[in-house]
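Participant: This is work21.pdb, which holds PDB, N, CA and C atoms:
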ATOM      1  N   MET A  10      -3.678  -5.941  34.048
ATOM      2  CA  MET A  10      -3.628  -5.875  32.598
ATOM      3  C   MET A  10      -4.887  -6.526  32.033
ATOM      4  N   ASN A  11      -5.509  -5.858  31.090
ATOM      5  CA  ASN A  11      -6.662  -6.416  30.392
ATOM      6  C   ASN A  11      -6.334  -6.515  28.910
ATOM      7  N   PHE A  12      -6.366  -7.732  28.413
ATOM      8  CA  PHE A  12      -6.102  -7.980  27.007
ATOM      9  C   PHE A  12      -7.409  -8.227  26.265
ATOM     10  N   THR A  13      -7.424  -7.860  25.002
ATOM     11  CA  THR A  13      -8.537  -8.200  24.121
ATOM     12  C   THR A  13      -8.123  -9.443  23.348
ATOM     13  N   TYR A  14      -9.038 -10.387  23.195
ATOM     14  CA  TYR A  14      -8.753 -11.598  22.434
ATOM     15  C   TYR A  14      -9.311 -11.447  21.031
ATOM     16  N   GLN A  15      -8.462 -11.706  20.032
ATOM     17  CA  GLN A  15      -8.888 -11.662  18.641
ATOM     18  C   GLN A  15      -8.708 -13.047  18.035
ATOM     19  N   HIS A  16      -9.816 -13.661  17.659
ATOM     20  CA  HIS A  16      -9.757 -14.985  17.041
ATOM     21  C   HIS A  16      -9.382 -14.851  15.571
ATOM     22  N   CYS A  17      -8.432 -15.642  15.137
ATOM     23  CA  CYS A  17      -8.035 -15.719  13.734
ATOM     24  C   CYS A  17      -8.424 -17.101  13.231
ATOM     25  N   ASP A  18      -8.901 -17.157  12.016
ATOM     26  CA  ASP A  18      -9.378 -18.431  11.477
ATOM     27  C   ASP A  18      -8.249 -19.426  11.193
ATOM     28  N   THR A  19      -7.062 -18.919  10.849
ATOM     29  CA  THR A  19      -5.959 -19.808  10.481
ATOM     30  C   THR A  19      -4.660 -19.385  11.173
ATOM     31  N   GLN A  20      -3.711 -20.303  11.210
ATOM     32  CA  GLN A  20      -2.384 -19.993  11.751
ATOM     33  C   GLN A  20      -1.668 -18.986  10.858
ATOM     34  N   GLU A  21      -1.942 -19.032   9.566
ATOM     35  CA  GLU A  21      -1.333 -18.090   8.632
ATOM     36  C   GLU A  21      -1.757 -16.657   8.942
ATOM     37  N   GLU A  22      -3.002 -16.479   9.356
ATOM     38  CA  GLU A  22      -3.497 -15.154   9.728
ATOM     39  C   GLU A  22      -2.780 -14.645  10.994
ATOM     40  N   VAL A  23      -2.588 -15.536  11.957
ATOM     41  CA  VAL A  23      -1.861 -15.176  13.180
ATOM     42  C   VAL A  23      -0.420 -14.820  12.812
ATOM     43  N   ARG A  24       0.194 -15.629  11.964
ATOM     44  CA  ARG A  24       1.577 -15.409  11.533
ATOM     45  C   ARG A  24       1.726 -14.049  10.849
ATOM     46  N   LYS A  25       0.732 -13.653  10.066
ATOM     47  CA  LYS A  25       0.756 -12.355   9.391
ATOM     48  C   LYS A  25       0.809 -11.215  10.415
ATOM     49  N   HIS A  26      -0.003 -11.315  11.478
ATOM     50  CA  HIS A  26       0.007 -10.305  12.534
ATOM     51  C   HIS A  26       1.359 -10.282  13.248
ATOM     52  N   ILE A  27       1.930 -11.454  13.491
ATOM     53  CA  ILE A  27       3.236 -11.554  14.152
ATOM     54  C   ILE A  27       4.289 -10.822  13.327
ATOM     55  N   GLN A  28       4.299 -11.070  12.030
ATOM     56  CA  GLN A  28       5.279 -10.447  11.140
ATOM     57  C   GLN A  28       5.077  -8.938  11.036
ATOM     58  N   GLU A  29       3.814  -8.497  11.013
ATOM     59  CA  GLU A  29       3.521  -7.060  10.939
ATOM     60  C   GLU A  29       3.992  -6.330  12.204
ATOM     61  N   ASP A  30       3.878  -6.989  13.357
ATOM     62  CA  ASP A  30       4.228  -6.368  14.637
ATOM     63  C   ASP A  30       5.704  -6.529  15.001
ATOM     64  N   GLU A  31       6.421  -7.371  14.274
ATOM     65  CA  GLU A  31       7.821  -7.642  14.585
ATOM     66  C   GLU A  31       8.661  -6.373  14.477
ATOM     67  N   GLY A  32       9.410  -6.081  15.540
ATOM     68  CA  GLY A  32      10.257  -4.903  15.568
ATOM     69  C   GLY A  32       9.531  -3.634  15.995
ATOM     70  N   LYS A  33       8.195  -3.690  16.073
ATOM     71  CA  LYS A  33       7.401  -2.520  16.457
ATOM     72  C   LYS A  33       6.765  -2.688  17.828
ATOM     73  N   CYS A  34       6.522  -3.931  18.221
ATOM     74  CA  CYS A  34       5.795  -4.224  19.456
ATOM     75  C   CYS A  34       6.545  -5.246  20.292
ATOM     76  N   VAL A  35       6.296  -5.215  21.591
ATOM     77  CA  VAL A  35       6.788  -6.259  22.483
ATOM     78  C   VAL A  35       5.768  -7.384  22.410
ATOM     79  N   GLN A  36       6.217  -8.573  22.005
ATOM     80  CA  GLN A  36       5.289  -9.681  21.824
ATOM     81  C   GLN A  36       5.931 -11.005  22.206
ATOM     82  N   GLN A  37       5.076 -11.947  22.525
ATOM     83  CA  GLN A  37       5.496 -13.320  22.809
ATOM     84  C   GLN A  37       4.626 -14.218  21.942
ATOM     85  N   VAL A  38       5.228 -15.258  21.408
ATOM     86  CA  VAL A  38       4.508 -16.165  20.519
ATOM     87  C   VAL A  38       4.685 -17.592  21.028
ATOM     88  N   CYS A  39       3.608 -18.356  20.987
ATOM     89  CA  CYS A  39       3.716 -19.761  21.390
ATOM     90  C   CYS A  39       2.862 -20.630  20.468
ATOM     91  N   TYR A  40       3.276 -21.881  20.376
ATOM     92  CA  TYR A  40       2.570 -22.860  19.552
ATOM     93  C   TYR A  40       2.232 -24.062  20.419
ATOM     94  N   SER A  41       0.983 -24.493  20.352
ATOM     95  CA  SER A  41       0.556 -25.666  21.097
ATOM     96  C   SER A  41       0.426 -26.850  20.147
ATOM     97  N   THR A  42       1.240 -27.878  20.363
ATOM     98  CA  THR A  42       1.107 -29.077  19.547
ATOM     99  C   THR A  42      -0.162 -29.843  19.918
ATOM    100  N   PHE A  43      -0.570 -29.736  21.179
ATOM    101  CA  PHE A  43      -1.777 -30.423  21.640
ATOM    102  C   PHE A  43      -3.019 -29.865  20.940
ATOM    103  N   HIS A  44      -3.112 -28.529  20.857
ATOM    104  CA  HIS A  44      -4.281 -27.886  20.242
ATOM    105  C   HIS A  44      -4.056 -27.533  18.770
ATOM    106  N   ASP A  45      -2.819 -27.701  18.283
ATOM    107  CA  ASP A  45      -2.444 -27.271  16.936
ATOM    108  C   ASP A  45      -2.833 -25.804  16.751
ATOM    109  N   ALA A  46      -2.412 -24.969  17.695
ATOM    110  CA  ALA A  46      -2.790 -23.557  17.695
ATOM    111  C   ALA A  46      -1.571 -22.665  17.864
ATOM    112  N   LEU A  47      -1.577 -21.560  17.138
ATOM    113  CA  LEU A  47      -0.543 -20.546  17.235
ATOM    114  C   LEU A  47      -1.140 -19.333  17.941
ATOM    115  N   THR A  48      -0.407 -18.788  18.907
ATOM    116  CA  THR A  48      -0.907 -17.667  19.693
ATOM    117  C   THR A  48       0.143 -16.570  19.781
ATOM    118  N   GLN A  49      -0.309 -15.328  19.585
ATOM    119  CA  GLN A  49       0.537 -14.151  19.742
ATOM    120  C   GLN A  49      -0.001 -13.345  20.923
ATOM    121  N   ILE A  50       0.880 -13.000  21.847
ATOM    122  CA  ILE A  50       0.525 -12.093  22.941
ATOM    123  C   ILE A  50       1.284 -10.799  22.680
ATOM    124  N   ASN A  51       0.548  -9.747  22.354
ATOM    125  CA  ASN A  51       1.150  -8.463  22.035
ATOM    126  C   ASN A  51       0.965  -7.541  23.241
ATOM    127  N   PHE A  52       2.064  -7.265  23.937
ATOM    128  CA  PHE A  52       2.017  -6.461  25.154
ATOM    129  C   PHE A  52       1.902  -4.968  24.852
ATOM    130  N   THR A  53       2.328  -4.549  23.677
ATOM    131  CA  THR A  53       2.229  -3.144  23.292
ATOM    132  C   THR A  53       0.792  -2.764  22.975
ATOM    133  N   LYS A  54       0.120  -3.607  22.200
ATOM    134  CA  LYS A  54      -1.261  -3.333  21.795
ATOM    135  C   LYS A  54      -2.292  -3.940  22.746
ATOM    136  N   MET A  55      -1.800  -4.715  23.742
ATOM    137  CA  MET A  55      -2.686  -5.356  24.738
ATOM    138  C   MET A  55      -3.725  -6.257  24.050
ATOM    139  N   ILE A  56      -3.245  -7.113  23.151
ATOM    140  CA  ILE A  56      -4.139  -8.000  22.401
ATOM    141  C   ILE A  56      -3.533  -9.399  22.310
ATOM    142  N   ILE A  57      -4.388 -10.396  22.373
ATOM    143  CA  ILE A  57      -3.989 -11.789  22.173
ATOM    144  C   ILE A  57      -4.666 -12.259  20.900
ATOM    145  N   ARG A  58      -3.877 -12.800  19.991
ATOM    146  CA  ARG A  58      -4.422 -13.327  18.738
ATOM    147  C   ARG A  58      -4.082 -14.813  18.659
ATOM    148  N   SER A  59      -5.084 -15.610  18.286
ATOM    149  CA  SER A  59      -4.857 -17.049  18.204
ATOM    150  C   SER A  59      -5.904 -17.684  17.312
ATOM    151  N   ASN A  60      -5.572 -18.861  16.794
ATOM    152  CA  ASN A  60      -6.580 -19.628  16.075
ATOM    153  C   ASN A  60      -7.269 -20.624  17.015
ATOM    154  N   LEU A  61      -6.990 -20.513  18.315
ATOM    155  CA  LEU A  61      -7.637 -21.329  19.339
ATOM    156  C   LEU A  61      -8.858 -20.575  19.864
ATOM    157  N   LYS A  62     -10.028 -21.192  19.792
ATOM    158  CA  LYS A  62     -11.246 -20.490  20.177
ATOM    159  C   LYS A  62     -11.957 -21.118  21.362
ATOM    160  N   SER A  63     -11.781 -22.384  21.603
ATOM    161  CA  SER A  63     -12.568 -23.083  22.614
ATOM    162  C   SER A  63     -12.372 -22.517  24.013
ATOM    163  N   LYS A  64     -13.442 -22.168  24.654
ATOM    164  CA  LYS A  64     -13.514 -21.715  26.043
ATOM    165  C   LYS A  64     -12.768 -20.409  26.314
ATOM    166  N   ILE A  65     -12.204 -19.789  25.308
ATOM    167  CA  ILE A  65     -11.480 -18.535  25.504
ATOM    168  C   ILE A  65     -12.436 -17.433  25.934
ATOM    169  N   LYS A  66     -13.597 -17.352  25.307
ATOM    170  CA  LYS A  66     -14.548 -16.294  25.627
ATOM    171  C   LYS A  66     -14.967 -16.358  27.090
ATOM    172  N   GLU A  67     -15.157 -17.576  27.604
ATOM    173  CA  GLU A  67     -15.556 -17.739  29.000
ATOM    174  C   GLU A  67     -14.487 -17.204  29.958
ATOM    175  N   LYS A  68     -13.212 -17.411  29.618
ATOM    176  CA  LYS A  68     -12.128 -17.015  30.509
ATOM    177  C   LYS A  68     -11.696 -15.562  30.320
ATOM    178  N   TRP A  69     -11.686 -15.085  29.072
ATOM    179  CA  TRP A  69     -11.086 -13.800  28.781
ATOM    180  C   TRP A  69     -12.119 -12.700  28.507
ATOM    181  N   GLY A  70     -13.380 -13.058  28.383
ATOM    182  CA  GLY A  70     -14.397 -12.023  28.154
ATOM    183  C   GLY A  70     -14.617 -11.759  26.678
ATOM    184  N   LYS A  71     -14.486 -10.495  26.289
ATOM    185  CA  LYS A  71     -14.842 -10.089  24.924
ATOM    186  C   LYS A  71     -13.907 -10.677  23.878
ATOM    187  N   ILE A  72     -14.489 -11.050  22.747
ATOM    188  CA  ILE A  72     -13.711 -11.536  21.605
ATOM    189  C   ILE A  72     -13.885 -10.535  20.479
ATOM    190  N   LYS A  73     -12.765 -10.087  19.934
ATOM    191  CA  LYS A  73     -12.775  -9.115  18.853
ATOM    192  C   LYS A  73     -12.496  -9.858  17.558
ATOM    193  N   LYS A  74     -13.311  -9.663  16.542
ATOM    194  CA  LYS A  74     -13.134 -10.355  15.263
ATOM    195  C   LYS A  74     -12.472  -9.442  14.274
TER     196      LYS A  74
END
Show me the file's structure as structure tokens.
Facilitator:
Amino acid sequence: MNFTYQHCDTQEEVRKHIQEDEGKCVQQVCYSTFHDALTQINFTKMIIRSNLKSKIKEKWGKIKK
């Protein structure tokens, strides 16, 4: 599986994507208290959206804005 990473500037932006995809896509959502970051993994669209940016590009490759 190859996912595209999409950086969102705020948690509210990530939350908006979560709500838009709810009921339409298979997704998993997690929140990191350590990083204060919200992340959506959308298995239908093969995309990861998060407001966490550090070192993601190195591990996951391309970042879609």
Participant: Using DSSP on the backbone, list every residue of region 14-66 of chain A that comes out as helix (DSSP H, G or I), and give them as an MDAnalysis selection string.
Facilitator: chainID A and resid 20:30 65:66
Participant: Output as a PyMOL selection string all residues of chain A that backbone DSSP marks as strand (DSSP E or B).
Facilitator: chain A and resi 13-16+36-41+46-51+56-59+72-73
Participant: As a check of understanding, name the residues that the PyMOL selection byres ((chain A and resi 37) around 7) selects in the supplied structure, as a PDB file with N, CA and C atoms, in the frame of the given file.
Facilitator:
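Listed below is the output, result_21.pdb:
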ATOM      1  N   VAL A  35       6.296  -5.215  21.591  1.00  0.00           N
ATOM      2  CA  VAL A  35       6.788  -6.259  22.483  1.00  0.00           C
ATOM      3  C   VAL A  35       5.768  -7.384  22.410  1.00  0.00           C
ATOM      4  N   GLN A  36       6.217  -8.573  22.005  1.00  0.00           N
ATOM      5  CA  GLN A  36       5.289  -9.681  21.824  1.00  0.00           C
ATOM      6  C   GLN A  36       5.931 -11.005  22.206  1.00  0.00           C
ATOM      7  N   VAL A  38       5.228 -15.258  21.408  1.00  0.00           N
ATOM      8  CA  VAL A  38       4.508 -16.165  20.519  1.00  0.00           C
ATOM      9  C   VAL A  38       4.685 -17.592  21.028  1.00  0.00           C
ATOM     10  N   CYS A  39       3.608 -18.356  20.987  1.00  0.00           N
ATOM     11  CA  CYS A  39       3.716 -19.761  21.390  1.00  0.00           C
ATOM     12  C   CYS A  39       2.862 -20.630  20.468  1.00  0.00           C
ATOM     13  N   THR A  48      -0.407 -18.788  18.907  1.00  0.00           N
ATOM     14  CA  THR A  48      -0.907 -17.667  19.693  1.00  0.00           C
ATOM     15  C   THR A  48       0.143 -16.570  19.781  1.00  0.00           C
ATOM     16  N   GLN A  49      -0.309 -15.328  19.585  1.00  0.00           N
ATOM     17  CA  GLN A  49       0.537 -14.151  19.742  1.00  0.00           C
ATOM     18  C   GLN A  49      -0.001 -13.345  20.923  1.00  0.00           C
ATOM     19  N   ILE A  50       0.880 -13.000  21.847  1.00  0.00           N
ATOM     20  CA  ILE A  50       0.525 -12.093  22.941  1.00  0.00           C
ATOM     21  C   ILE A  50       1.284 -10.799  22.680  1.00  0.00           C
ATOM     22  N   ASN A  51       0.548  -9.747  22.354  1.00  0.00           N
ATOM     23  CA  ASN A  51       1.150  -8.463  22.035  1.00  0.00           C
ATOM     24  C   ASN A  51       0.965  -7.541  23.241  1.00  0.00           C
ATOM     25  N   PHE A  52       2.064  -7.265  23.937  1.00  0.00           N
ATOM     26  CA  PHE A  52       2.017  -6.461  25.154  1.00  0.00           C
ATOM     27  C   PHE A  52       1.902  -4.968  24.852  1.00  0.00           C
TER      28      PHE A  52
END
Participant: Care to translate the PyMOL selection byres ((chain A and resi 58) around 5) into actual residues of this file, as a short mmCIF file (atom, residue, chain, number, x, y, z; two decimals) with N, CA and C atoms, in the coordinates of the input?
Facilitator:
data_model
loop_
_atom_site.label_atom_id
_atom_site.label_comp_id
_atom_site.auth_asym_id
_atom_site.auth_seq_id
_atom_site.Cartn_x
_atom_site.Cartn_y
_atom_site.Cartn_z
N GLN A 15 -8.46 -11.71 20.03
CA GLN A 15 -8.89 -11.66 18.64
C GLN A 15 -8.71 -13.05 18.04
N THR A 48 -0.41 -18.79 18.91
CA THR A 48 -0.91 -17.67 19.69
C THR A 48 0.14 -16.57 19.78
N GLN A 49 -0.31 -15.33 19.58
CA GLN A 49 0.54 -14.15 19.74
C GLN A 49 0.00 -13.34 20.92
N ILE A 56 -3.24 -7.11 23.15
CA ILE A 56 -4.14 -8.00 22.40
C ILE A 56 -3.53 -9.40 22.31
N ILE A 57 -4.39 -10.40 22.37
CA ILE A 57 -3.99 -11.79 22.17
C ILE A 57 -4.67 -12.26 20.90
N SER A 59 -5.08 -15.61 18.29
CA SER A 59 -4.86 -17.05 18.20
C SER A 59 -5.90 -17.68 17.31
N ASN A 60 -5.57 -18.86 16.79
CA ASN A 60 -6.58 -19.63 16.08
C ASN A 60 -7.27 -20.62 17.02
#
Participant: Figure out the distance between CA of Thr42 (chain A) and CA of Glu21 (chain A), please, to one decimal in Å.
Facilitator: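 Interatomic distance, CA of Glu21 (chain A) to CA of Thr42 (chain A): 15.7 Å.
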Participant: Work out how far apart CA of Cys34 (chain A) and atom N of Gln20 (chain A) are and give it in Å to one decimal.
Facilitator: 20.4 Å
Participant: To one decimal in Å, tell me the separation between atom C of Tyr14 (chain A) and CA of Gly32 (chain A).
Facilitator: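 Computing the Euclidean distance for atom C of Tyr14 (chain A) and CA of Gly32 (chain A) yields 21.3 Å.
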Participant: I'd like the residues picked by the PyMOL selection byres ((chain A and resi 11) around 7) written out as a count of residues only, using the chain letters and numbers from the file.
Facilitator: 5
